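What's in structure05.cif: mmCIF, C-alpha atoms and all ligand atoms
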data_input
#
loop_
_atom_site.label_atom_id
_atom_site.label_comp_id
_atom_site.auth_asym_id
_atom_site.auth_seq_id
_atom_site.Cartn_x
_atom_site.Cartn_y
_atom_site.Cartn_z
CA MET D 13 -103.02 -57.37 62.14
CA ALA D 14 -103.89 -53.69 62.10
CA LEU D 15 -106.91 -52.78 64.22
CA ASP D 16 -110.24 -53.98 62.86
CA ASN D 17 -113.22 -51.75 63.65
CA HIS D 18 -115.49 -54.80 63.42
CA SER D 19 -113.51 -56.71 66.05
CA PRO D 20 -115.26 -58.02 69.18
CA ILE D 21 -113.84 -55.29 71.43
CA ALA D 22 -114.82 -52.53 69.00
CA LYS D 23 -118.40 -53.81 68.91
CA GLN D 24 -118.74 -54.71 72.56
CA ASP D 25 -116.80 -51.97 74.36
CA PRO D 26 -116.40 -48.69 72.45
CA GLU D 27 -115.05 -46.96 75.53
CA VAL D 28 -112.04 -49.27 75.78
CA TRP D 29 -111.76 -49.52 71.99
CA LYS D 30 -111.13 -45.76 71.80
CA ALA D 31 -107.91 -46.27 73.77
CA PHE D 32 -106.86 -49.09 71.39
CA VAL D 33 -107.34 -46.82 68.40
CA ALA D 34 -105.49 -43.95 70.08
CA GLU D 35 -102.60 -46.20 71.09
CA GLU D 36 -102.33 -47.69 67.60
CA GLU D 37 -102.14 -44.13 66.24
CA ARG D 38 -99.58 -43.12 68.86
CA GLN D 39 -97.29 -46.08 68.19
CA ASP D 40 -97.72 -45.74 64.43
CA THR D 41 -96.87 -42.03 64.22
CA THR D 42 -94.15 -41.57 66.85
CA LEU D 43 -90.50 -42.57 67.08
CA GLU D 44 -89.97 -44.90 70.03
CA LEU D 45 -86.58 -44.33 71.62
CA ILE D 46 -87.28 -45.75 75.08
CA ALA D 47 -84.40 -48.19 75.42
CA SER D 48 -86.46 -50.86 77.16
CA GLU D 49 -89.27 -51.01 74.58
CA ASN D 50 -89.73 -52.74 71.25
CA HIS D 51 -92.39 -53.74 68.71
CA VAL D 52 -93.23 -57.45 68.65
CA SER D 53 -94.02 -59.47 65.54
CA PRO D 54 -97.61 -60.27 64.51
CA ALA D 55 -97.02 -63.89 65.63
CA VAL D 56 -95.91 -62.86 69.14
CA LEU D 57 -98.82 -60.44 69.34
CA GLN D 58 -101.25 -63.19 68.38
CA ALA D 59 -99.84 -65.60 70.97
CA ALA D 60 -100.01 -62.92 73.70
CA GLY D 61 -103.72 -62.39 73.01
CA SER D 62 -104.57 -66.07 72.63
CA ILE D 63 -106.79 -68.70 74.25
CA PHE D 64 -103.90 -69.73 76.51
CA THR D 65 -105.14 -66.93 78.76
CA ASN D 66 -108.07 -69.19 79.70
CA LYS D 67 -106.06 -71.83 81.50
CA TYR D 68 -104.63 -72.43 84.95
CA ALA D 69 -101.38 -74.39 84.88
CA GLU D 70 -99.88 -74.20 88.36
CA GLY D 71 -96.86 -76.47 88.58
CA TYR D 72 -94.48 -77.46 85.81
CA PRO D 73 -94.72 -79.68 82.69
CA GLY D 74 -95.71 -83.21 83.74
CA ARG D 75 -96.44 -82.05 87.33
CA ARG D 76 -99.47 -79.76 87.26
CA TYR D 77 -102.12 -79.06 89.87
CA TYR D 78 -104.90 -78.82 87.24
CA GLY D 79 -106.27 -81.14 84.60
CA GLY D 80 -106.28 -80.27 80.92
CA CYS D 81 -102.69 -79.01 80.88
CA GLU D 82 -101.32 -81.13 78.04
CA ASN D 83 -101.06 -78.17 75.64
CA MET D 84 -99.62 -76.00 78.41
CA ASP D 85 -96.89 -78.63 78.83
CA THR D 86 -96.12 -78.53 75.11
CA ILE D 87 -95.86 -74.75 75.09
CA GLU D 88 -93.77 -74.51 78.25
CA ASN D 89 -91.39 -77.29 77.17
CA ILE D 90 -90.85 -75.60 73.81
CA ALA D 91 -90.17 -72.28 75.54
CA ARG D 92 -87.70 -73.83 78.01
CA ASP D 93 -85.87 -75.82 75.32
CA ARG D 94 -85.55 -72.75 73.12
CA VAL D 95 -84.09 -70.71 75.99
CA LYS D 96 -81.51 -73.43 76.59
CA GLN D 97 -80.61 -73.42 72.91
CA LEU D 98 -80.45 -69.62 72.74
CA PHE D 99 -78.40 -69.00 75.86
CA GLY D 100 -76.69 -72.35 76.46
CA CYS D 101 -77.91 -72.44 80.08
CA ASP D 102 -78.37 -75.58 82.19
CA HIS D 103 -81.87 -74.72 83.36
CA ALA D 104 -84.58 -72.20 82.44
CA ASN D 105 -87.76 -71.12 84.16
CA VAL D 106 -90.07 -69.26 81.76
CA GLN D 107 -92.87 -68.57 84.26
CA PRO D 108 -91.82 -65.29 85.96
CA SER D 109 -94.34 -62.65 84.99
CA SER D 110 -91.67 -59.94 85.01
CA GLY D 111 -87.97 -59.34 85.38
CA SER D 112 -88.64 -58.09 88.88
CA GLN D 113 -90.27 -61.40 89.84
CA ALA D 114 -87.42 -63.34 88.23
CA ASN D 115 -85.01 -61.44 90.50
CA GLN D 116 -87.21 -61.93 93.56
CA ALA D 117 -87.31 -65.68 92.85
CA VAL D 118 -83.50 -65.79 92.79
CA PHE D 119 -83.40 -63.97 96.14
CA LEU D 120 -86.01 -66.31 97.61
CA ALA D 121 -84.01 -69.32 96.42
CA THR D 122 -80.72 -68.16 97.85
CA MET D 123 -80.82 -65.38 100.44
CA GLN D 124 -81.92 -64.83 104.03
CA PRO D 125 -83.88 -61.65 104.72
CA GLY D 126 -83.32 -59.46 107.77
CA SER D 127 -84.95 -59.91 111.14
CA ARG D 128 -88.08 -57.87 110.53
CA PHE D 129 -89.19 -60.71 108.29
CA GLY D 130 -87.49 -63.71 109.85
CA GLU D 131 -88.33 -62.73 113.41
CA SER D 132 -91.75 -64.31 113.82
CA GLU D 133 -90.41 -67.72 112.81
CA GLN D 134 -87.48 -67.46 115.20
CA ARG D 135 -89.74 -66.27 118.01
CA GLU D 136 -91.93 -69.31 117.49
CA LYS D 137 -88.91 -71.57 117.99
CA ASN D 138 -87.69 -69.72 121.04
CA PRO D 139 -90.40 -67.46 122.50
CA ASP D 140 -88.24 -66.09 125.32
CA GLN D 141 -85.44 -64.90 123.13
CA PRO D 142 -86.45 -62.93 120.04
CA VAL D 143 -83.41 -62.74 117.78
CA ARG D 144 -82.62 -59.91 115.43
CA THR D 145 -80.62 -61.02 112.41
CA PRO D 146 -79.26 -58.84 109.69
CA GLY D 147 -80.31 -59.72 106.15
CA ASP D 148 -77.79 -61.13 103.68
CA MET D 149 -75.67 -58.61 101.80
CA ILE D 150 -76.12 -57.65 98.14
CA LEU D 151 -73.45 -55.82 96.13
CA SER D 152 -74.94 -54.17 93.03
CA LEU D 153 -74.78 -51.18 90.70
CA ASP D 154 -76.35 -48.03 92.16
CA LEU D 155 -79.68 -47.10 90.54
CA ASP D 156 -78.40 -43.53 90.18
CA HIS D 157 -75.48 -44.86 88.15
CA GLY D 158 -77.62 -46.95 85.80
CA GLY D 159 -78.57 -49.88 88.05
CA HIS D 160 -82.06 -51.21 88.67
CA LEU D 161 -84.70 -50.73 91.33
CA THR D 162 -84.82 -54.47 92.11
CA HIS D 163 -81.08 -54.63 92.80
CA GLY D 164 -81.40 -53.29 96.34
CA LYS D 165 -82.99 -49.83 96.18
CA HIS D 166 -84.35 -49.04 99.65
CA VAL D 167 -87.93 -48.59 98.39
CA ASN D 168 -87.91 -52.05 96.77
CA MET D 169 -88.33 -55.41 98.50
CA SER D 170 -84.66 -56.15 97.70
CA GLY D 171 -83.57 -53.08 99.66
CA LYS D 172 -86.01 -53.65 102.52
CA TRP D 173 -85.17 -57.31 103.09
CA PHE D 174 -81.41 -57.30 102.52
CA ARG D 175 -78.41 -55.19 103.35
CA VAL D 176 -77.01 -53.50 100.28
CA THR D 177 -73.74 -51.98 99.14
CA HIS D 178 -73.54 -50.31 95.75
CA TYR D 179 -70.75 -49.92 93.27
CA GLY D 180 -70.96 -47.06 90.79
CA VAL D 181 -69.23 -45.79 87.69
CA ASN D 182 -66.04 -43.79 87.70
CA ARG D 183 -66.70 -40.03 87.62
CA GLU D 184 -64.20 -39.43 84.81
CA THR D 185 -64.75 -42.45 82.56
CA GLY D 186 -68.44 -43.19 83.20
CA ARG D 187 -67.44 -46.88 83.33
CA ILE D 188 -67.56 -49.47 86.09
CA ASP D 189 -64.22 -49.60 87.87
CA MET D 190 -63.45 -53.25 88.63
CA ASP D 191 -60.79 -52.37 91.22
CA GLU D 192 -63.47 -50.47 93.13
CA VAL D 193 -65.89 -53.41 92.82
CA ARG D 194 -63.20 -55.72 94.23
CA ARG D 195 -62.46 -53.33 97.10
CA LEU D 196 -66.15 -53.04 98.01
CA ALA D 197 -66.69 -56.80 97.73
CA ARG D 198 -63.82 -57.51 100.11
CA GLN D 199 -65.15 -54.89 102.49
CA CYS D 200 -68.87 -55.81 102.54
CA LYS D 201 -68.55 -59.58 101.92
CA PRO D 202 -71.75 -59.96 99.88
CA LYS D 203 -73.78 -63.14 99.66
CA MET D 204 -74.79 -62.08 96.14
CA ILE D 205 -73.10 -59.84 93.60
CA ILE D 206 -75.56 -58.48 91.06
CA THR D 207 -74.44 -57.34 87.63
CA GLY D 208 -76.62 -55.77 84.96
CA ALA D 209 -78.23 -52.38 84.48
CA SER D 210 -81.02 -50.38 82.99
CA ALA D 211 -78.80 -47.57 81.74
CA TYR D 212 -75.21 -48.68 81.13
CA SER D 213 -73.86 -48.48 77.62
CA ARG D 214 -70.64 -50.46 77.94
CA ILE D 215 -69.63 -54.13 77.76
CA TRP D 216 -69.87 -56.01 81.07
CA ASP D 217 -66.70 -57.84 82.12
CA TRP D 218 -68.42 -60.97 83.44
CA ASP D 219 -65.13 -62.83 83.96
CA ALA D 220 -63.81 -60.09 86.24
CA PHE D 221 -67.05 -60.17 88.27
CA ALA D 222 -66.85 -63.97 88.49
CA GLU D 223 -63.28 -63.78 89.74
CA ILE D 224 -64.30 -61.25 92.43
CA ALA D 225 -67.33 -63.37 93.41
CA GLU D 226 -65.10 -66.39 93.82
CA ASP D 227 -62.55 -64.36 95.78
CA VAL D 228 -65.15 -63.30 98.37
CA GLY D 229 -67.32 -66.44 98.27
CA ALA D 230 -70.37 -64.70 96.77
CA MET D 231 -72.92 -65.96 94.30
CA LEU D 232 -73.18 -64.11 91.00
CA LEU D 233 -76.38 -62.95 89.33
CA ALA D 234 -76.49 -61.23 85.95
CA ASP D 235 -79.69 -59.37 85.20
CA ILE D 236 -79.41 -58.99 81.44
CA ALA D 237 -82.89 -57.53 80.90
CA HIS D 238 -81.62 -54.80 78.60
CA ILE D 239 -79.03 -56.73 76.62
CA ALA D 240 -80.63 -60.20 76.47
CA GLY D 241 -81.21 -59.97 72.72
CA LEU D 242 -77.62 -58.93 72.12
CA VAL D 243 -76.39 -61.79 74.32
CA ALA D 244 -78.67 -64.34 72.62
CA ALA D 245 -77.37 -63.22 69.23
CA GLY D 246 -73.72 -63.35 70.32
CA GLU D 247 -73.35 -59.56 69.99
CA HIS D 248 -72.45 -59.09 73.67
CA PRO D 249 -70.40 -61.56 75.77
CA SER D 250 -72.61 -64.01 77.64
CA PRO D 251 -72.65 -64.18 81.44
CA VAL D 252 -74.24 -67.66 81.38
CA PRO D 253 -71.00 -69.68 81.67
CA VAL D 254 -69.77 -67.82 84.77
CA CYS D 255 -72.93 -66.88 86.68
CA ASP D 256 -74.98 -68.88 89.16
CA PHE D 257 -78.13 -67.12 87.91
CA VAL D 258 -79.09 -65.06 84.89
CA THR D 259 -82.40 -63.21 84.78
CA THR D 260 -84.03 -61.10 82.13
CA THR D 261 -87.22 -59.57 80.89
CA THR D 262 -88.41 -60.88 77.54
CA HIS D 263 -89.69 -57.67 75.96
CA LYS D 264 -86.68 -55.43 75.46
CA THR D 265 -83.92 -56.30 72.96
CA LEU D 266 -85.18 -59.89 73.11
CA ARG D 267 -88.36 -58.61 71.38
CA GLY D 268 -90.85 -60.92 73.04
CA PRO D 269 -93.98 -60.31 75.11
CA ARG D 270 -93.88 -58.41 78.41
CA GLY D 271 -92.55 -60.94 80.91
CA GLY D 272 -89.60 -62.47 82.75
CA LEU D 273 -87.23 -65.39 82.53
CA ALA D 274 -84.76 -66.93 84.98
CA MET D 275 -81.84 -69.21 84.17
CA CYS D 276 -79.42 -71.01 86.47
CA LYS D 277 -76.80 -73.68 86.87
CA GLU D 278 -78.18 -77.20 87.29
CA GLN D 279 -77.49 -77.30 91.03
CA TRP D 280 -79.93 -74.42 91.59
CA ALA D 281 -82.68 -75.72 89.28
CA LYS D 282 -84.97 -77.21 91.92
CA LYS D 283 -84.62 -74.28 94.31
CA LEU D 284 -85.27 -71.76 91.55
CA ASP D 285 -88.36 -73.57 90.31
CA SER D 286 -89.74 -73.84 93.85
CA ALA D 287 -89.06 -70.15 94.40
CA VAL D 288 -91.02 -69.15 91.28
CA PHE D 289 -93.87 -71.54 92.07
CA PRO D 290 -95.14 -71.95 94.75
CA GLY D 291 -92.75 -69.45 96.34
CA MET D 292 -93.59 -66.30 94.39
CA GLN D 293 -96.37 -66.91 91.93
CA GLY D 294 -99.50 -69.00 91.47
CA GLY D 295 -100.76 -69.83 88.00
CA PRO D 296 -98.33 -68.74 85.30
CA LEU D 297 -99.60 -66.43 82.56
CA MET D 298 -99.69 -69.13 79.88
CA HIS D 299 -100.60 -66.74 77.06
CA ALA D 300 -97.37 -64.91 77.92
CA VAL D 301 -95.46 -68.20 78.06
CA ALA D 302 -96.89 -69.06 74.60
CA ALA D 303 -95.77 -65.68 73.28
CA LYS D 304 -92.34 -66.19 74.86
CA ALA D 305 -92.05 -69.55 73.04
CA VAL D 306 -92.84 -67.86 69.72
CA ALA D 307 -90.40 -65.00 70.40
CA PHE D 308 -87.60 -67.40 71.39
CA GLY D 309 -88.25 -69.26 68.11
CA GLU D 310 -87.79 -65.97 66.26
CA ALA D 311 -84.59 -65.26 68.18
CA LEU D 312 -83.17 -68.58 66.97
CA GLN D 313 -83.56 -67.50 63.32
CA PRO D 314 -80.50 -66.10 61.50
CA GLY D 315 -82.31 -62.76 60.94
CA PHE D 316 -82.24 -62.09 64.68
CA LYS D 317 -78.45 -61.81 64.73
CA ASP D 318 -78.64 -59.36 61.87
CA TYR D 319 -81.28 -57.37 63.76
CA GLN D 320 -79.07 -57.12 66.87
CA LYS D 321 -76.08 -56.03 64.80
CA ARG D 322 -78.22 -53.24 63.33
CA VAL D 323 -79.45 -52.24 66.82
CA ILE D 324 -75.83 -51.65 67.85
CA GLU D 325 -74.85 -49.97 64.59
CA ASN D 326 -77.80 -47.60 64.92
CA ALA D 327 -76.97 -46.83 68.57
CA LYS D 328 -73.36 -46.03 67.72
CA THR D 329 -74.43 -43.78 64.83
CA LEU D 330 -77.03 -42.00 66.97
CA ALA D 331 -74.50 -41.44 69.78
CA GLU D 332 -71.85 -40.13 67.38
CA SER D 333 -74.35 -37.80 65.68
CA LEU D 334 -75.52 -36.41 69.02
CA ILE D 335 -71.92 -35.89 70.16
CA SER D 336 -71.16 -34.05 66.90
CA ARG D 337 -74.08 -31.75 67.81
CA LYS D 338 -72.52 -30.96 71.17
CA LEU D 339 -74.58 -33.33 73.30
CA ASN D 340 -72.47 -35.31 75.77
CA ILE D 341 -73.02 -39.04 76.13
CA VAL D 342 -72.05 -40.61 79.48
CA SER D 343 -68.82 -42.63 79.00
CA GLY D 344 -68.39 -41.03 75.58
CA GLY D 345 -70.51 -43.46 73.56
CA THR D 346 -72.09 -46.88 73.49
CA ASP D 347 -71.24 -50.53 72.86
CA ASN D 348 -74.85 -51.70 72.97
CA HIS D 349 -78.39 -50.44 72.31
CA VAL D 350 -78.59 -47.67 74.89
CA MET D 351 -77.01 -44.29 75.67
CA LEU D 352 -77.36 -41.70 78.40
CA VAL D 353 -77.39 -38.13 77.17
CA ASP D 354 -75.89 -35.66 79.65
CA LEU D 355 -77.62 -32.34 78.99
CA ARG D 356 -75.52 -30.24 81.35
CA ASP D 357 -72.87 -28.89 78.96
CA GLY D 358 -74.91 -28.34 75.81
CA PHE D 359 -78.16 -27.26 77.47
CA PRO D 360 -77.44 -26.35 81.10
CA ASP D 361 -80.90 -24.85 81.69
CA VAL D 362 -82.82 -27.79 80.24
CA THR D 363 -83.72 -30.65 82.59
CA GLY D 364 -84.36 -34.20 81.46
CA ALA D 365 -88.03 -33.68 82.33
CA MET D 366 -88.28 -30.62 80.07
CA ALA D 367 -86.48 -32.40 77.23
CA GLU D 368 -88.74 -35.47 77.61
CA ASP D 369 -91.80 -33.22 77.41
CA TRP D 370 -90.64 -31.24 74.36
CA LEU D 371 -89.50 -34.37 72.52
CA GLY D 372 -92.86 -35.95 73.33
CA GLN D 373 -94.66 -33.00 71.74
CA ALA D 374 -92.47 -33.54 68.68
CA GLY D 375 -93.43 -37.24 68.51
CA ILE D 376 -90.10 -38.55 69.81
CA VAL D 377 -90.69 -40.75 72.84
CA VAL D 378 -87.86 -40.95 75.41
CA ASN D 379 -87.44 -41.03 79.17
CA LYS D 380 -85.67 -38.63 81.46
CA ASN D 381 -82.94 -40.37 83.42
CA MET D 382 -80.54 -39.58 86.23
CA ILE D 383 -76.96 -39.42 85.09
CA PRO D 384 -74.15 -40.58 87.40
CA PHE D 385 -73.47 -37.94 90.11
CA ASP D 386 -76.60 -36.03 89.02
CA GLU D 387 -77.39 -33.06 91.22
CA ARG D 388 -80.96 -32.81 90.04
CA LYS D 389 -83.86 -34.80 91.54
CA PRO D 390 -85.18 -38.03 89.92
CA MET D 391 -88.31 -36.26 88.62
CA GLU D 392 -86.13 -33.58 86.98
CA THR D 393 -82.79 -35.17 86.08
CA SER D 394 -79.94 -33.88 83.92
CA GLY D 395 -80.15 -36.75 81.48
CA LEU D 396 -82.14 -38.59 78.86
CA ARG D 397 -81.94 -42.28 78.10
CA LEU D 398 -82.19 -43.24 74.43
CA GLY D 399 -82.22 -46.68 72.82
CA THR D 400 -82.49 -48.09 69.32
CA PRO D 401 -84.26 -51.52 69.59
CA ALA D 402 -87.71 -50.26 68.52
CA LEU D 403 -86.56 -47.96 65.71
CA THR D 404 -84.37 -50.75 64.34
CA THR D 405 -87.35 -53.12 64.34
CA ARG D 406 -89.21 -50.53 62.26
CA GLY D 407 -86.36 -50.63 59.74
CA LEU D 408 -84.65 -47.31 60.40
CA GLY D 409 -80.91 -47.39 59.65
CA PRO D 410 -77.83 -45.19 60.16
CA ASP D 411 -79.00 -42.47 57.72
CA GLU D 412 -82.25 -42.10 59.64
CA MET D 413 -80.31 -42.09 62.94
CA ARG D 414 -78.46 -38.97 61.77
CA THR D 415 -81.81 -37.34 60.98
CA VAL D 416 -83.21 -38.43 64.36
CA ALA D 417 -80.17 -36.87 66.10
CA GLU D 418 -80.84 -33.63 64.24
CA LEU D 419 -84.52 -33.66 65.25
CA ILE D 420 -83.67 -34.45 68.89
CA THR D 421 -81.17 -31.60 69.08
CA LYS D 422 -83.63 -29.19 67.45
CA ALA D 423 -86.39 -30.16 69.88
CA ILE D 424 -84.15 -29.78 72.94
CA GLY D 425 -82.93 -26.43 71.62
CA SER D 426 -86.48 -25.21 70.93
CA ALA D 427 -87.03 -24.06 74.53
CA GLY D 428 -90.50 -25.57 74.13
CA ASP D 429 -91.49 -23.36 71.17
CA ALA D 430 -94.73 -24.89 69.89
CA SER D 431 -94.19 -24.02 66.25
CA VAL D 432 -90.67 -25.55 66.16
CA LEU D 433 -91.99 -28.68 67.89
CA GLY D 434 -94.96 -28.80 65.51
CA ASN D 435 -92.63 -28.76 62.49
CA ILE D 436 -90.54 -31.58 63.96
CA ARG D 437 -93.77 -33.49 64.65
CA ASN D 438 -94.61 -33.28 60.93
CA ASP D 439 -91.15 -34.59 59.96
CA VAL D 440 -91.58 -37.45 62.43
CA ARG D 441 -94.98 -38.35 60.95
CA GLU D 442 -93.46 -38.47 57.46
CA MET D 443 -90.64 -40.72 58.66
CA CYS D 444 -93.11 -43.04 60.38
CA LYS D 445 -95.12 -43.40 57.17
CA GLN D 446 -92.02 -44.84 55.47
CA PHE D 447 -91.20 -47.27 58.29
CA LYS D 448 -94.23 -49.31 59.25
CA LEU D 449 -94.83 -51.14 62.53
CA PRO D 450 -94.34 -54.92 62.19
CA HIS D 451 -98.05 -55.68 62.67
CA ALA D 452 -99.36 -52.94 60.37
N1 LIG D 501 -88.23 -50.21 83.62
C1 LIG D 501 -87.21 -50.88 82.86
C2 LIG D 501 -86.42 -49.94 82.04
O1 LIG D 501 -87.03 -49.04 81.48
O2 LIG D 501 -85.22 -50.08 81.92
C3 LIG D 501 -86.36 -51.70 83.70
O3 LIG D 501 -87.19 -52.52 84.46
#
Please lay out the structure from this file as structure tokens.
Amino acid sequence: MALDNHSPIAKQDPEVWKAFVAEEERQDTTLELIASENHVSPAVLQAAGSIFTNKYAEGYPGRRYYGGCENMDTIENIARDRVKQLFGCDHANVQPSSGSQANQAVFLATMQPGSRFGESEQREKNPDQPVRTPGDMILSLDLDHGGHLTHGKHVNMSGKWFRVTHYGVNRETGRIDMDEVRRLARQCKPKMIITGASAYSRIWDWDAFAEIAEDVGAMLLADIAHIAGLVAAGEHPSPVPVCDFVTTTTHKTLRGPRGGLAMCKEQWAKKLDSAVFPGMQGGPLMHAVAAKAVAFGEALQPGFKDYQKRVIENAKTLAESLISRKLNIVSGGTDNHVMLVDLRDGFPDVTGAMAEDWLGQAGIVVNKNMIPFDERKPMETSGLRLGTPALTTRGLGPDEMRTVAELITKAIGSAGDASVLGNIRNDVREMCKQFKLPHA
């Protein structure tokens, strides 16, 4: 399904079409190492751009607020059943438009916000006595240590509505210290403990978190957005048996369309569904739900397990090759698809922002990232986050990972020299010609 210059958009809207052509060229000729991105199959792409975008389907299968939803019901039921089969969960809601909304729905289903938001209701009940209540407490991984914005950062709704305590990683090991998590949990008495990260390269000990949650009477949420594909394929332990809720995006290692998904134990099913709709969202994006159904079908095929194994093998090879070239990796390596490069020892004068820019000029797409205990600002950073899901989809293997490590190190060491970066860009173009995008 490569771009067709006779397609309706090309004919009708050349201005927009130009961006399609440029983006196709960009994706085709660059190496995508952003850990949260991937390349979907032609079938998922087709579903995401399909006629299901024409339809309102507020409600759930069998209980809609619009006529004409029989095919919506089919699609949504298939998607939900496939999630249950993939993850072994009691209940799945495939309507969240993003991982962020999946998390918000869990909060809406379970937590009480602070007084700024509850106050008007309380004042109505008792006008003479406005009451200020603190919001419920969240315990989650600090964003600066690899956590996620929606896990209680002060600029996010989760941080504005609830009180938050963060655990971090140990300064020496770069790993989560479960004794510290237990100490903090006993101290702050959270209503919800959140596990999951956007930049953590080690295995999560779900059982230890579950034991701490039980000890302090907290609910447990695992946001597995990054590792969902690994979990679905059995290549990372699953949090589903021990968590009240599990949320994820569908477009990272899971290799589906951009979107969200929320799972829970049966006792929370009704509350979760009501929180997604009508609590958070109106009409679900049914073209996205259709694409999710197709992607979940792909994830149930035996080839998906093989793909996830290769994602991990590639990440380990890339991390080892970078370490052998004197680039530190936080925690010393990776167990999954992602790694955080700490630039401080090898390239003390190079910030993550500079490295991102130079690598971009060389056709290697990455994102700057704070490393734990980073002294630089978020727009500068001392780190880079790299991931292998997209390159693995393209078919690159361990040999190519060694070459990619060499190119990355050369680009970071170039000090921005345009001719060095231009040469690397040519090597990247050659590599991309050998490893085609899935829809090409
Ligand atoms: N923005 C995503 C990531 O890049 O990890 C998380 O939402």
(request) Find the residues around Asp189 of chain D up to 8 Å (all atoms listed in the file counted), leave out those fewer than 5 positions away in its own chain, and share them as a ChimeraX atom specification. (result) /D:180-182
(message) Any residue with an atom at most 9 Å from ligand LIG 501 (chain D) counts, using only C-alpha atoms and all ligand atoms. Which are they? Put them as an MDAnalysis selection string.
(response) chainID D and resid 46:49 110:112 160:162 209:211 237:238 261 264 379
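For the pair atom CA of Ala34 of chain D and atom CA of Ala452 of chain D, the separation is 14.6 Å.
Proximity ranking of D:Tyr179, D:Trp216, D:Phe174, D:Phe221 relative to Gln199 of chain D places D:Tyr179 first, based on all atoms listed in the file.
Of the residues listed (D:Val56, D:Ile21, D:Ala31, D:Val288), D:Val56 shows the shortest atom-to-atom separation from Ala303 of chain D; distances use all atoms listed in the file.
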(request) Please measure the separation of atom CA of Asp25 of chain D and atom CA of His51 of chain D, giving the value in Å to one decimal. (result) 25.1 Å
(request) Please work out which residues fall within 12 Å of (-93.9, -50.1, 57.2), coordinates as given in the file, with only C-alpha atoms counting, and return them as a PyMOL selection string. (result) chain D and resi 14+40-41+403-408+442-452
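As for atom CA of Gln97 of chain D and atom CA of Asn115 of chain D, they are spaced 21.7 Å apart.
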(request) Name all residues at most 9 Å from Val118 of chain D (count all atoms listed in the file; drop same-chain ones fewer than 6 positions away) and give them as a ChimeraX atom specification. (result) /D:233,257,259,274,283-284,287-288
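The environment of segment 352-367 of chain D within 6 Å, counting only C-alpha atoms and disregarding residues fewer than 2 places along the same chain, consists of Lys338, Leu339, Asn340, Ile341, Val342, Asp369, Trp370, Leu371, Lys380, Glu392, Thr393, Ser394, Gly395, Leu396, Arg397 and Ile424 of chain D.
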(request) Do a neighbour search on Trp29 of chain D at 12 Å with only C-alpha atoms, toss out local chain neighbours closer than 3 positions, and write the hits as a list in words. (result) Leu15, Asp16, Asn17, His18, Ser19, Pro20, Ile21, Ala22, Lys23, Gln24, Asp25, Pro26, Phe32, Val33, Ala34, Glu35 and Glu36 of chain D
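Between Val377 of chain D and the candidates D:Val52, D:Ala402, D:Cys81, D:Ala327, the tightest atom-to-atom separation, counting all atoms listed in the file, involves D:Ala402.
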List the neighbours of Ala60 of chain D out to 9 Å using all atoms listed in the file; skip same-chain residues closer than 6 positions along the sequence, and give me the result as a CSV table (one decimal) with C-alpha atoms, in the frame of the given file.
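Written output follows (around_0.csv):
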chain,number,residue,atom,x,y,z
D,269,PRO,CA,-94.0,-60.3,75.1
D,270,ARG,CA,-93.9,-58.4,78.4
D,298,MET,CA,-99.7,-69.1,79.9
D,299,HIS,CA,-100.6,-66.7,77.1
D,300,ALA,CA,-97.4,-64.9,77.9
D,301,VAL,CA,-95.5,-68.2,78.1
D,302,ALA,CA,-96.9,-69.1,74.6
D,303,ALA,CA,-95.8,-65.7,73.3
D,304,LYS,CA,-92.3,-66.2,74.9
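With all atoms listed in the file as the atoms that count, the residue of D:Pro401, D:Gly268, D:Gly246, D:Gly409 with the shortest distance to Ala307 of chain D is D:Gly268.
Checking D:Ala104, D:Ile90, D:Ile206, D:Ile63 one by one against Met275 of chain D, counting all atoms listed in the file, you find the shortest gap at D:Ala104.
Residue nearest Thr329 of chain D, chosen from D:Ala244, D:Met149, D:Val350, D:Val254 and counting only C-alpha atoms: D:Val350.
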